[in-house]
Each structure stands twice: as C-alpha cells, then as structure tokens.
file model-v6.tsv (TSV, C-alpha atoms and all ligand atoms)
chain	number	residue	atom	x	y	z
A	203	MET	CA	29.52	-11.06	-2.60
A	204	ILE	CA	29.52	-9.12	0.63
A	205	ILE	CA	31.53	-5.92	0.76
A	206	LYS	CA	32.96	-5.62	4.24
A	207	THR	CA	35.34	-2.74	3.67
A	208	ALA	CA	35.71	-0.13	0.95
A	209	GLU	CA	38.38	2.51	1.32
A	210	PHE	CA	39.74	5.29	-0.82
A	211	GLU	CA	43.41	4.69	-1.44
A	212	GLN	CA	44.87	7.14	-3.96
A	213	SER	CA	44.18	9.64	-6.72
A	214	ASN	CA	46.68	9.83	-9.54
A	215	SER	CA	47.30	12.03	-12.54
A	216	ASP	CA	49.25	9.35	-14.42
A	217	TYR	CA	48.88	5.57	-14.64
A	218	LYS	CA	52.61	5.28	-13.95
A	219	LYS	CA	52.03	6.68	-10.46
A	220	CYS	CA	49.25	4.21	-9.59
A	221	PRO	CA	49.89	1.82	-6.68
A	222	GLN	CA	51.94	-1.27	-7.45
A	223	HIS	CA	49.98	-4.03	-5.77
A	224	GLY	CA	49.47	-6.84	-8.29
A	225	LYS	CA	45.80	-7.15	-7.25
A	226	HIS	CA	42.80	-7.25	-9.58
A	227	GLU	CA	41.29	-3.97	-10.72
A	228	PHE	CA	37.89	-3.27	-12.27
A	229	ALA	CA	37.52	0.21	-13.73
A	230	PHE	CA	34.54	2.35	-14.66
A	231	ILE	CA	34.60	4.63	-17.66
A	232	GLY	CA	32.02	6.49	-19.73
A	233	ARG	CA	30.74	9.93	-20.62
A	234	SER	CA	30.86	12.62	-17.99
A	235	ASN	CA	27.80	12.49	-15.74
A	236	VAL	CA	26.83	8.94	-16.76
A	237	GLY	CA	27.07	7.82	-13.11
A	238	LYS	CA	30.50	6.16	-12.68
A	239	SER	CA	31.21	7.57	-9.22
A	240	SER	CA	27.60	7.04	-8.08
A	241	LEU	CA	27.82	3.40	-9.12
A	242	ILE	CA	30.95	2.88	-7.03
A	243	ASN	CA	29.11	4.34	-4.03
A	244	MET	CA	26.08	2.17	-4.68
A	245	LEU	CA	28.14	-1.03	-4.99
A	246	THR	CA	30.07	-0.30	-1.80
A	247	ASN	CA	27.13	1.06	0.25
A	248	HIS	CA	29.05	4.29	0.85
A	249	GLN	CA	27.22	7.42	-0.15
A	250	LYS	CA	30.36	9.54	-0.17
A	251	LEU	CA	33.23	7.23	-1.07
A	252	ALA	CA	33.60	8.54	-4.64
A	253	LYS	CA	32.84	12.20	-5.26
A	254	THR	CA	29.75	12.79	-7.39
A	255	SER	CA	28.17	15.89	-8.85
A	256	SER	CA	25.12	16.90	-10.84
A	257	SER	CA	27.41	18.82	-13.19
A	258	PRO	CA	29.73	16.88	-15.50
A	259	GLY	CA	33.51	16.80	-15.19
A	260	LYS	CA	33.68	16.00	-11.46
A	261	THR	CA	36.17	13.11	-11.52
A	262	GLN	CA	39.46	14.35	-12.96
A	263	LEU	CA	41.98	11.75	-11.76
A	264	ILE	CA	42.44	7.98	-11.58
A	265	ASN	CA	40.91	7.03	-8.21
A	266	HIS	CA	41.70	3.73	-6.53
A	267	PHE	CA	39.33	2.21	-3.97
A	268	ILE	CA	40.37	-0.98	-2.20
A	269	ILE	CA	37.56	-3.45	-1.54
A	270	ASN	CA	37.72	-6.06	1.23
A	271	LYS	CA	41.45	-5.29	1.36
A	272	ASP	CA	41.73	-7.59	-1.63
A	273	TRP	CA	40.80	-6.00	-4.97
A	274	TYR	CA	40.15	-2.58	-6.46
A	275	LEU	CA	37.42	-0.51	-8.03
A	276	VAL	CA	38.82	2.32	-10.12
A	277	ASP	CA	36.94	5.51	-10.94
A	278	LEU	CA	38.11	7.31	-14.08
A	279	PRO	CA	37.39	10.77	-15.51
A	280	GLY	CA	34.52	10.98	-17.97
A	281	TYR	CA	34.91	11.56	-21.67
A	282	GLY	CA	32.85	13.48	-24.21
A	283	TYR	CA	32.17	16.56	-22.13
A	284	ALA	CA	31.98	19.44	-24.60
A	285	LYS	CA	32.20	22.26	-22.09
A	286	VAL	CA	35.75	21.68	-20.87
A	287	SER	CA	38.60	23.17	-22.90
A	288	LYS	CA	40.17	21.13	-25.68
A	289	LYS	CA	43.38	20.99	-23.65
A	290	MET	CA	41.59	19.53	-20.61
A	291	ARG	CA	39.71	17.02	-22.78
A	292	GLN	CA	43.00	15.88	-24.27
A	293	LYS	CA	44.46	15.60	-20.77
A	294	PHE	CA	41.64	13.30	-19.59
A	295	GLU	CA	41.85	11.29	-22.78
A	296	ASP	CA	45.60	10.76	-22.38
A	297	LEU	CA	45.10	9.86	-18.72
A	298	ASN	CA	42.39	7.31	-19.49
A	299	LYS	CA	44.19	5.81	-22.48
A	300	GLY	CA	47.43	5.53	-20.54
A	301	TYR	CA	45.64	3.63	-17.79
A	302	ILE	CA	43.52	1.42	-20.04
A	303	LEU	CA	46.30	0.39	-22.39
A	304	ASN	CA	49.09	-0.07	-19.87
A	305	ARG	CA	47.67	-1.08	-16.52
A	306	GLU	CA	48.52	-4.73	-16.00
A	307	GLU	CA	46.25	-5.01	-12.94
A	308	LEU	CA	43.19	-4.08	-15.01
A	309	VAL	CA	41.04	-7.20	-15.35
A	310	LEU	CA	37.99	-5.66	-16.95
A	311	LEU	CA	36.76	-2.26	-18.00
A	312	PHE	CA	33.08	-1.42	-17.53
A	313	VAL	CA	31.82	1.09	-20.08
A	314	LEU	CA	28.88	2.97	-18.59
A	315	ILE	CA	26.12	4.17	-20.88
A	316	ASP	CA	23.06	6.21	-19.90
A	317	ILE	CA	20.17	4.05	-21.08
A	318	ARG	CA	17.87	7.04	-21.48
A	319	HIS	CA	19.62	8.21	-24.63
A	320	GLU	CA	19.94	7.04	-28.21
A	321	PRO	CA	23.30	5.36	-28.96
A	322	GLN	CA	25.93	8.11	-28.98
A	323	LYS	CA	28.78	8.29	-31.47
A	324	VAL	CA	31.35	9.01	-28.77
A	325	ASP	CA	30.50	5.77	-26.91
A	326	LEU	CA	30.35	3.66	-30.05
A	327	GLU	CA	33.73	5.01	-31.18
A	328	PHE	CA	35.22	4.45	-27.75
A	329	MET	CA	34.11	0.81	-27.73
A	330	GLN	CA	35.44	0.43	-31.28
A	331	PHE	CA	38.79	1.68	-29.97
A	332	LEU	CA	38.70	-0.89	-27.13
A	333	GLY	CA	37.95	-3.62	-29.64
A	334	GLU	CA	40.86	-2.59	-31.86
A	335	LYS	CA	43.20	-2.58	-28.87
A	336	ALA	CA	41.78	-5.87	-27.55
A	337	VAL	CA	40.88	-4.35	-24.18
A	338	PRO	CA	38.30	-6.58	-22.43
A	339	PHE	CA	35.17	-4.62	-21.61
A	340	MET	CA	31.50	-5.00	-20.72
A	341	ILE	CA	28.70	-2.46	-20.73
A	342	ILE	CA	26.71	-1.15	-17.78
A	343	PHE	CA	23.56	0.71	-18.74
A	344	THR	CA	22.94	3.28	-16.01
A	345	LYS	CA	20.05	5.34	-14.63
A	346	ALA	CA	17.51	2.58	-15.30
A	347	ASP	CA	15.26	4.07	-12.57
A	348	LYS	CA	14.56	7.01	-14.86
A	349	LEU	CA	12.69	4.87	-17.41
A	350	SER	CA	9.59	2.71	-17.36
A	351	SER	CA	10.31	-0.97	-17.93
A	352	SER	CA	8.81	-0.85	-21.44
A	353	LYS	CA	10.92	2.17	-22.43
A	354	LEU	CA	13.97	0.53	-20.85
A	355	ASN	CA	13.48	-2.63	-22.91
A	356	LYS	CA	12.89	-0.60	-26.04
A	357	ASN	CA	16.12	1.35	-25.53
A	358	LEU	CA	18.06	-1.83	-24.79
A	359	LEU	CA	16.82	-3.34	-28.05
A	360	THR	CA	17.78	-0.20	-29.96
A	361	TYR	CA	21.25	-0.31	-28.42
A	362	LYS	CA	21.76	-3.98	-29.21
A	363	LYS	CA	20.69	-3.40	-32.80
A	364	LYS	CA	23.15	-0.53	-33.14
A	365	MET	CA	25.99	-2.56	-31.61
A	366	LEU	CA	25.36	-5.42	-34.02
A	367	GLU	CA	26.14	-3.09	-36.92
A	368	GLN	CA	29.66	-2.93	-35.54
A	369	TRP	CA	30.13	-6.11	-33.52
A	370	SER	CA	29.49	-9.77	-34.34
A	371	GLU	CA	27.78	-10.14	-30.98
A	372	MET	CA	26.46	-7.89	-28.25
A	373	PRO	CA	29.06	-7.56	-25.48
A	374	ARG	CA	27.89	-8.78	-22.09
A	375	PHE	CA	25.93	-6.05	-20.37
A	376	PHE	CA	24.36	-5.14	-17.02
A	377	VAL	CA	21.53	-2.76	-16.20
A	378	SER	CA	21.97	-0.59	-13.12
A	379	SER	CA	20.54	2.18	-11.02
A	380	ALA	CA	22.44	3.97	-8.28
A	381	LYS	CA	19.07	5.09	-6.95
A	382	ASP	CA	17.19	1.82	-6.55
A	383	LYS	CA	20.35	-0.34	-6.45
A	384	ARG	CA	19.35	-2.38	-9.48
A	385	GLY	CA	22.19	-4.55	-10.81
A	386	LYS	CA	24.16	-4.49	-7.58
A	387	GLU	CA	24.19	-8.21	-6.77
A	388	GLU	CA	24.61	-9.27	-10.37
A	389	LEU	CA	27.65	-7.04	-10.84
A	390	LEU	CA	29.30	-7.92	-7.54
A	391	ASP	CA	28.71	-11.63	-8.11
A	392	TYR	CA	30.24	-11.35	-11.55
A	393	ILE	CA	33.33	-9.59	-10.17
A	394	ASP	CA	33.53	-12.19	-7.38
A	395	GLU	CA	33.45	-14.97	-9.96
A	396	LEU	CA	36.33	-13.37	-11.90
A	397	ASN	CA	38.33	-12.81	-8.72
A	398	LYS	CA	37.98	-16.50	-7.85
A	399	THR	CA	38.82	-17.87	-11.29
A	400	LEU	CA	41.65	-15.59	-12.41
A	501	LIG	P1	32.07	12.63	-13.96
A	501	LIG	O1	32.92	12.30	-12.78
A	501	LIG	O2	31.80	14.08	-14.05
A	501	LIG	O3	32.60	12.05	-15.23
A	501	LIG	O4	30.60	11.98	-13.75
A	501	LIG	P2	30.18	10.53	-13.23
A	501	LIG	O5	30.01	9.62	-14.39
A	501	LIG	O6	31.08	10.05	-12.15
A	501	LIG	O7	28.71	10.81	-12.66
A	501	LIG	P3	28.23	10.96	-11.13
A	501	LIG	O8	28.30	9.64	-10.45
A	501	LIG	O9	28.93	12.11	-10.51
A	501	LIG	O10	26.68	11.27	-11.35
A	501	LIG	C1	26.23	12.34	-12.13
A	501	LIG	C2	24.80	12.70	-11.75
A	501	LIG	O11	23.91	11.64	-12.12
A	501	LIG	C3	24.59	12.92	-10.24
A	501	LIG	O12	23.66	13.97	-10.08
A	501	LIG	C4	23.99	11.60	-9.76
A	501	LIG	O13	23.16	11.73	-8.63
A	501	LIG	C5	23.17	11.18	-10.97
A	501	LIG	N1	23.05	9.70	-11.09
A	501	LIG	C6	24.06	8.83	-11.20
A	501	LIG	N2	23.59	7.57	-11.31
A	501	LIG	C7	22.25	7.65	-11.26
A	501	LIG	C8	21.18	6.68	-11.31
A	501	LIG	O14	21.38	5.47	-11.44
A	501	LIG	N3	19.91	7.17	-11.22
A	501	LIG	C9	19.63	8.49	-11.10
A	501	LIG	N4	18.34	8.85	-11.04
A	501	LIG	N5	20.60	9.43	-11.05
A	501	LIG	C10	21.88	9.02	-11.11
A	502	MG	MG	32.82	10.81	-11.45
call {"tool": "encode", "arguments": {"input": "model-v6.tsv", "output": "structure tokens"}}
result
Amino acid sequence: MIIKTAEFEQSNSDYKKCPQHGKHEFAFIGRSNVGKSSLINMLTNHQKLAKTSSSPGKTQLINHFIINKDWYLVDLPGYGYAKVSKKMRQKFEDLNKGYILNREELVLLFVLIDIRHEPQKVDLEFMQFLGEKAVPFMIIFTKADKLSSSKLNKNLLTYKKKMLEQWSEMPRFFVSSAKDKRGKEELLDYIDELNKTL
C-alpha cells in the first residue's frame, strides 16, 4: 500500500471525545519506550508526525492520525512505566482501557514488544486481558535492528514458547524496525487487506 497522506488529527484525554467518523482504526499499544510513535512515523514516512522521545512516558493521550484521508492509525500512551506516579499510571490505564474496550472503530490492536528482552509479565498479562475481553490483537516485535539475526530468531522462539504456555496458538506477529524500516510493507499490506475486506 502506498501512503499518500498522513496527517495528525486530534489528541484526546478520553475515548468518548475521539472523532466520530465510522472509519477503520488500527491502534498501537505497548510498554513505554517500546517504539509505538516511532513505528507510526516509519510507516507514514514522516519523521515527526508522532512525537517520540528517548525517555519513556512521552505519549500521554489518544492520538489520531488520518491516512490517505480514509483510515486511522492511533498512537496510545505506554503502559508499565514504573517511574510515573501511581495516579498517572492509573490515568493512562483507564484511558487505554476505555479506548480499547469501547471504541467501535477499532479494527485491530497491535501490541508492540521490544524483541531484545525476555518475555515480560506486564505484556503477558496485558495480552491475557485482551484475550479475556475478546479484543482482536496481533504482536509487533520492535527494535529488530538492535539484534543479530541469530539472536533475533532465538528471542522469537523464546517468546513463542512462552506464549504457548498461555495460548493455544501463537498470535499472528510482525517483526519491525523503525530504523531500517523492516516490516513496513508487510504491515501496510496487511492493513490494506483488512481495509478492503471489512
Ligand atoms: P511512549 O510514548 O513513551 O510510551 O514511547 P513509545 O513507545 O512511543 O516510544 P518512541 O517511539 O518514543 O521510542 C522510544 C525510543 O526508542 C526512541 O529513542 C526511539 O528512537 C527508539 N526506537 C523506537 N523504535 C526503534 C527501532 O526500531 N530501532 C531503534 N534502534 N530504536 C528505536
Ligand atoms: Mg509514544
């Protein structure tokens, strides 16, 4: 799929305030600093469309970006960041849960996971929650450029093994890098396919 236009539309502090457009939305969620905003920039070829930062906790609102004037990418605040106050963590959690569980436009949630690390409890529990609530999701393993291909494959195998303790099958997953643009075509083609069939 070719992205002709990608524009920031709105930031919201509550899913109830999000734009009423009836168009498809694909949202990115995951731990703070995993690379959600960077991935949106990579997919849209805009270095500064979504705000990124080397320190966690940058994205604090629900951000809507309209693509080709036809469908949306949605950037969400990260979870699992220990350094923000309990009150702020709860605020982000409520914001994310409100959006995920109530947003009718949401077609698919992409859960981003940094492939450099061992499977983390917070991600596994979050995906468990999605399963219990029957929220459709897929995984995007990020920062693949930071590993050699052998280490990458090893970590992918470890992750699959861990997921199979909890799930009857491994959810569909993608491997990405905002740096070398790995996964870009595969992800955009997948979204394109869904946009055409739904
Ligand atoms: P919050 O908004 O704080 O939840 O973080 P986020 O998940 O949106 O992460 P963000 O995109 O701001 O990226 C965090 C840091 O990781 C930045 O310094 C990015 O440059 C870096 N980063 C993101 N993706 C990649 C990647 O694929 N490869 C490399 N090498 N660095 C990346
Ligand atoms: Mg962000």
call {"tool": "atom_distance", "arguments": {"input": "model-v6.tsv", "atom1": "atom CA of Asp382 of chain A", "atom2": "atom C6 of ligand LIG 501 (chain A)"}}
result
10.9 Å
call {"tool": "residues_near_ligand", "arguments": {"input": "model-v6.tsv", "ligand": "ligand MG 502 (chain A)", "cutoff": "10 Å", "atoms": "all atoms listed in the file", "output": "ChimeraX atom specification"}}
result
/A:230-242,252-263,265,277-280
call {"tool": "write_last_selection", "arguments": {"input": "model-v6.tsv", "atoms": "C-alpha atoms", "output": "mmCIF file, in the coordinates of the input"}}
result
data_model
loop_
_atom_site.group_PDB
_atom_site.id
_atom_site.type_symbol
_atom_site.label_atom_id
_atom_site.label_comp_id
_atom_site.auth_asym_id
_atom_site.auth_seq_id
_atom_site.Cartn_x
_atom_site.Cartn_y
_atom_site.Cartn_z
ATOM 1 C CA PHE A 230 34.540 2.350 -14.660
ATOM 2 C CA ILE A 231 34.600 4.630 -17.660
ATOM 3 C CA GLY A 232 32.020 6.490 -19.730
ATOM 4 C CA ARG A 233 30.740 9.930 -20.620
ATOM 5 C CA SER A 234 30.860 12.620 -17.990
ATOM 6 C CA ASN A 235 27.800 12.490 -15.740
ATOM 7 C CA VAL A 236 26.830 8.940 -16.760
ATOM 8 C CA GLY A 237 27.070 7.820 -13.110
ATOM 9 C CA LYS A 238 30.500 6.160 -12.680
ATOM 10 C CA SER A 239 31.210 7.570 -9.220
ATOM 11 C CA SER A 240 27.600 7.040 -8.080
ATOM 12 C CA LEU A 241 27.820 3.400 -9.120
ATOM 13 C CA ILE A 242 30.950 2.880 -7.030
ATOM 14 C CA ALA A 252 33.600 8.540 -4.640
ATOM 15 C CA LYS A 253 32.840 12.200 -5.260
ATOM 16 C CA THR A 254 29.750 12.790 -7.390
ATOM 17 C CA SER A 255 28.170 15.890 -8.850
ATOM 18 C CA SER A 256 25.120 16.900 -10.840
ATOM 19 C CA SER A 257 27.410 18.820 -13.190
ATOM 20 C CA PRO A 258 29.730 16.880 -15.500
ATOM 21 C CA GLY A 259 33.510 16.800 -15.190
ATOM 22 C CA LYS A 260 33.680 16.000 -11.460
ATOM 23 C CA THR A 261 36.170 13.110 -11.520
ATOM 24 C CA GLN A 262 39.460 14.350 -12.960
ATOM 25 C CA LEU A 263 41.980 11.750 -11.760
ATOM 26 C CA ASN A 265 40.910 7.030 -8.210
ATOM 27 C CA ASP A 277 36.940 5.510 -10.940
ATOM 28 C CA LEU A 278 38.110 7.310 -14.080
ATOM 29 C CA PRO A 279 37.390 10.770 -15.510
ATOM 30 C CA GLY A 280 34.520 10.980 -17.970
#
call {"tool": "residues_around", "arguments": {"input": "model-v6.tsv", "residues": "Glu209 of chain A", "least_positions_apart": "5", "cutoff": "9 Å", "atoms": "only C-alpha atoms", "output": "compact mmCIF listing (two decimals) with C-alpha atoms, keeping the file's coordinate frame"}}
result
# COMPACT_ATOMS: atom_id res chain seq x y z
CA LEU A 251 33.23 7.23 -1.07
CA HIS A 266 41.70 3.73 -6.53
CA PHE A 267 39.33 2.21 -3.97
CA ILE A 268 40.37 -0.98 -2.20
CA ILE A 269 37.56 -3.45 -1.54
CA ASN A 270 37.72 -6.06 1.23
CA LYS A 271 41.45 -5.29 1.36
call {"tool": "closest_atom_pairs", "arguments": {"input": "model-v6.tsv", "of": "segment 322-387 of chain A", "to": "segment 311-316 of chain A", "cutoff": "12 Å", "atoms": "only C-alpha atoms", "output": "Markdown table"}}
result
| residue | atom | partner | partner_atom | distance |
| --- | --- | --- | --- | --- |
| A:Gln322 | CA | A:Ile315 | CA | 9.0 |
| A:Lys323 | CA | A:Ile315 | CA | 11.7 |
| A:Val324 | CA | A:Ile315 | CA | 10.6 |
| A:Asp325 | CA | A:Ile315 | CA | 7.6 |
| A:Leu326 | CA | A:Ile315 | CA | 10.1 |
| A:Glu327 | CA | A:Val313 | CA | 11.9 |
| A:Phe328 | CA | A:Val313 | CA | 9.0 |
| A:Met329 | CA | A:Val313 | CA | 8.0 |
| A:Gln330 | CA | A:Val313 | CA | 11.8 |
| A:Leu332 | CA | A:Leu311 | CA | 9.4 |
| A:Gly333 | CA | A:Leu311 | CA | 11.8 |
| A:Ala336 | CA | A:Leu311 | CA | 11.4 |
| A:Val337 | CA | A:Leu311 | CA | 7.7 |
| A:Pro338 | CA | A:Leu311 | CA | 6.4 |
| A:Phe339 | CA | A:Leu311 | CA | 4.6 |
| A:Met340 | CA | A:Phe312 | CA | 5.0 |
| A:Ile341 | CA | A:Val313 | CA | 4.8 |
| A:Ile342 | CA | A:Leu314 | CA | 4.7 |
| A:Phe343 | CA | A:Ile315 | CA | 4.8 |
| A:Thr344 | CA | A:Asp316 | CA | 4.9 |
| A:Lys345 | CA | A:Asp316 | CA | 6.1 |
| A:Ala346 | CA | A:Asp316 | CA | 8.1 |
| A:Asp347 | CA | A:Asp316 | CA | 10.9 |
| A:Lys348 | CA | A:Asp316 | CA | 9.9 |
| A:Leu349 | CA | A:Asp316 | CA | 10.7 |
| A:Leu354 | CA | A:Asp316 | CA | 10.8 |
| A:Asn357 | CA | A:Asp316 | CA | 10.2 |
| A:Leu358 | CA | A:Asp316 | CA | 10.7 |
| A:Tyr361 | CA | A:Ile315 | CA | 10.0 |
| A:Pro373 | CA | A:Val313 | CA | 10.6 |
| A:Arg374 | CA | A:Phe312 | CA | 10.1 |
| A:Phe375 | CA | A:Phe312 | CA | 9.0 |
| A:Phe376 | CA | A:Leu314 | CA | 9.4 |
| A:Val377 | CA | A:Ile315 | CA | 9.5 |
| A:Ser378 | CA | A:Leu314 | CA | 9.5 |
| A:Ser379 | CA | A:Asp316 | CA | 10.1 |
| A:Ala380 | CA | A:Asp316 | CA | 11.9 |
call {"tool": "closest_residue", "arguments": {"input": "model-v6.tsv", "among": "A:Met365, A:Leu390, A:Ala284, A:Cys220", "to": "ligand LIG 501 (chain A)", "atoms": "all atoms listed in the file"}}
result
A:Ala284
call {"tool": "closest_residue", "arguments": {"input": "model-v6.tsv", "among": "A:Ile264, A:Met372, A:Ile317, A:Leu366", "to": "Ser350 of chain A", "atoms": "all atoms listed in the file"}}
result
A:Ile317
call {"tool": "closest_residue", "arguments": {"input": "model-v6.tsv", "among": "A:Ala229, A:Met290, A:Val276, A:Val309", "to": "Leu400 of chain A", "atoms": "only C-alpha atoms"}}
result
A:Val309
call {"tool": "decode", "arguments": {"input": "model-v6.tsv", "residues": "segment 242-259 of chain A", "atoms": "N, CA, C and O atoms", "output": "CSV table (one decimal), in the first residue's frame"}}
result
chain,number,residue,atom,x,y,z
A,242,ILE,N,4.8,4.6,13.9
A,242,ILE,CA,3.8,5.3,13.1
A,242,ILE,C,4.6,6.2,12.2
A,242,ILE,O,4.3,6.3,11.0
A,243,ASN,N,5.7,6.9,12.6
A,243,ASN,CA,6.5,7.7,11.8
A,243,ASN,C,7.1,6.9,10.6
A,243,ASN,O,7.2,7.3,9.5
A,244,MET,N,7.6,5.7,11.0
A,244,MET,CA,8.3,4.9,10.0
A,244,MET,C,7.2,4.5,8.9
A,244,MET,O,7.5,4.6,7.7
A,245,LEU,N,6.1,4.0,9.3
A,245,LEU,CA,5.0,3.6,8.4
A,245,LEU,C,4.6,4.7,7.5
A,245,LEU,O,4.2,4.4,6.3
A,246,THR,N,4.5,5.9,8.0
A,246,THR,CA,4.0,7.0,7.2
A,246,THR,C,5.1,7.8,6.5
A,246,THR,O,4.7,8.8,5.8
A,247,ASN,N,6.3,7.5,6.7
A,247,ASN,CA,7.5,8.2,6.1
A,247,ASN,C,7.5,9.7,6.6
A,247,ASN,O,7.9,10.6,5.9
A,248,HIS,N,7.1,9.9,7.8
A,248,HIS,CA,7.1,11.2,8.4
A,248,HIS,C,8.0,11.2,9.7
A,248,HIS,O,7.5,10.5,10.7
A,249,GLN,N,9.1,11.8,9.7
A,249,GLN,CA,9.9,11.7,10.9
A,249,GLN,C,9.3,12.3,12.1
A,249,GLN,O,9.6,11.9,13.3
A,250,LYS,N,8.4,13.3,11.9
A,250,LYS,CA,7.9,14.0,13.1
A,250,LYS,C,6.4,14.0,13.3
A,250,LYS,O,5.9,14.9,13.9
A,251,LEU,N,5.8,13.1,12.6
A,251,LEU,CA,4.3,13.0,12.7
A,251,LEU,C,3.9,12.7,14.2
A,251,LEU,O,3.1,13.5,14.8
A,252,ALA,N,4.3,11.6,14.7
A,252,ALA,CA,4.1,11.3,16.1
A,252,ALA,C,5.3,11.7,17.0
A,252,ALA,O,6.4,11.5,16.6
A,253,LYS,N,5.0,12.3,18.1
A,253,LYS,CA,6.2,12.7,19.0
A,253,LYS,C,6.8,11.5,19.6
A,253,LYS,O,6.2,10.7,20.3
A,254,THR,N,8.2,11.5,19.5
A,254,THR,CA,8.9,10.4,20.1
A,254,THR,C,9.9,10.9,21.1
A,254,THR,O,10.2,12.2,21.1
A,255,SER,N,10.4,10.1,22.0
A,255,SER,CA,11.4,10.5,22.9
A,255,SER,C,12.3,9.4,23.4
A,255,SER,O,11.8,8.2,23.4
A,256,SER,N,13.5,9.6,23.8
A,256,SER,CA,14.4,8.6,24.3
A,256,SER,C,14.0,8.2,25.7
A,256,SER,O,14.4,7.2,26.3
A,257,SER,N,13.2,9.1,26.4
A,257,SER,CA,12.8,8.8,27.7
A,257,SER,C,11.3,8.4,27.7
A,257,SER,O,10.5,9.0,27.0
A,258,PRO,N,11.0,7.3,28.5
A,258,PRO,CA,9.6,6.8,28.4
A,258,PRO,C,8.6,7.8,28.9
A,258,PRO,O,8.9,8.7,29.7
A,259,GLY,N,7.3,7.5,28.5
A,259,GLY,CA,6.2,8.4,29.0
A,259,GLY,C,5.9,9.6,28.2
A,259,GLY,O,5.3,10.5,28.6
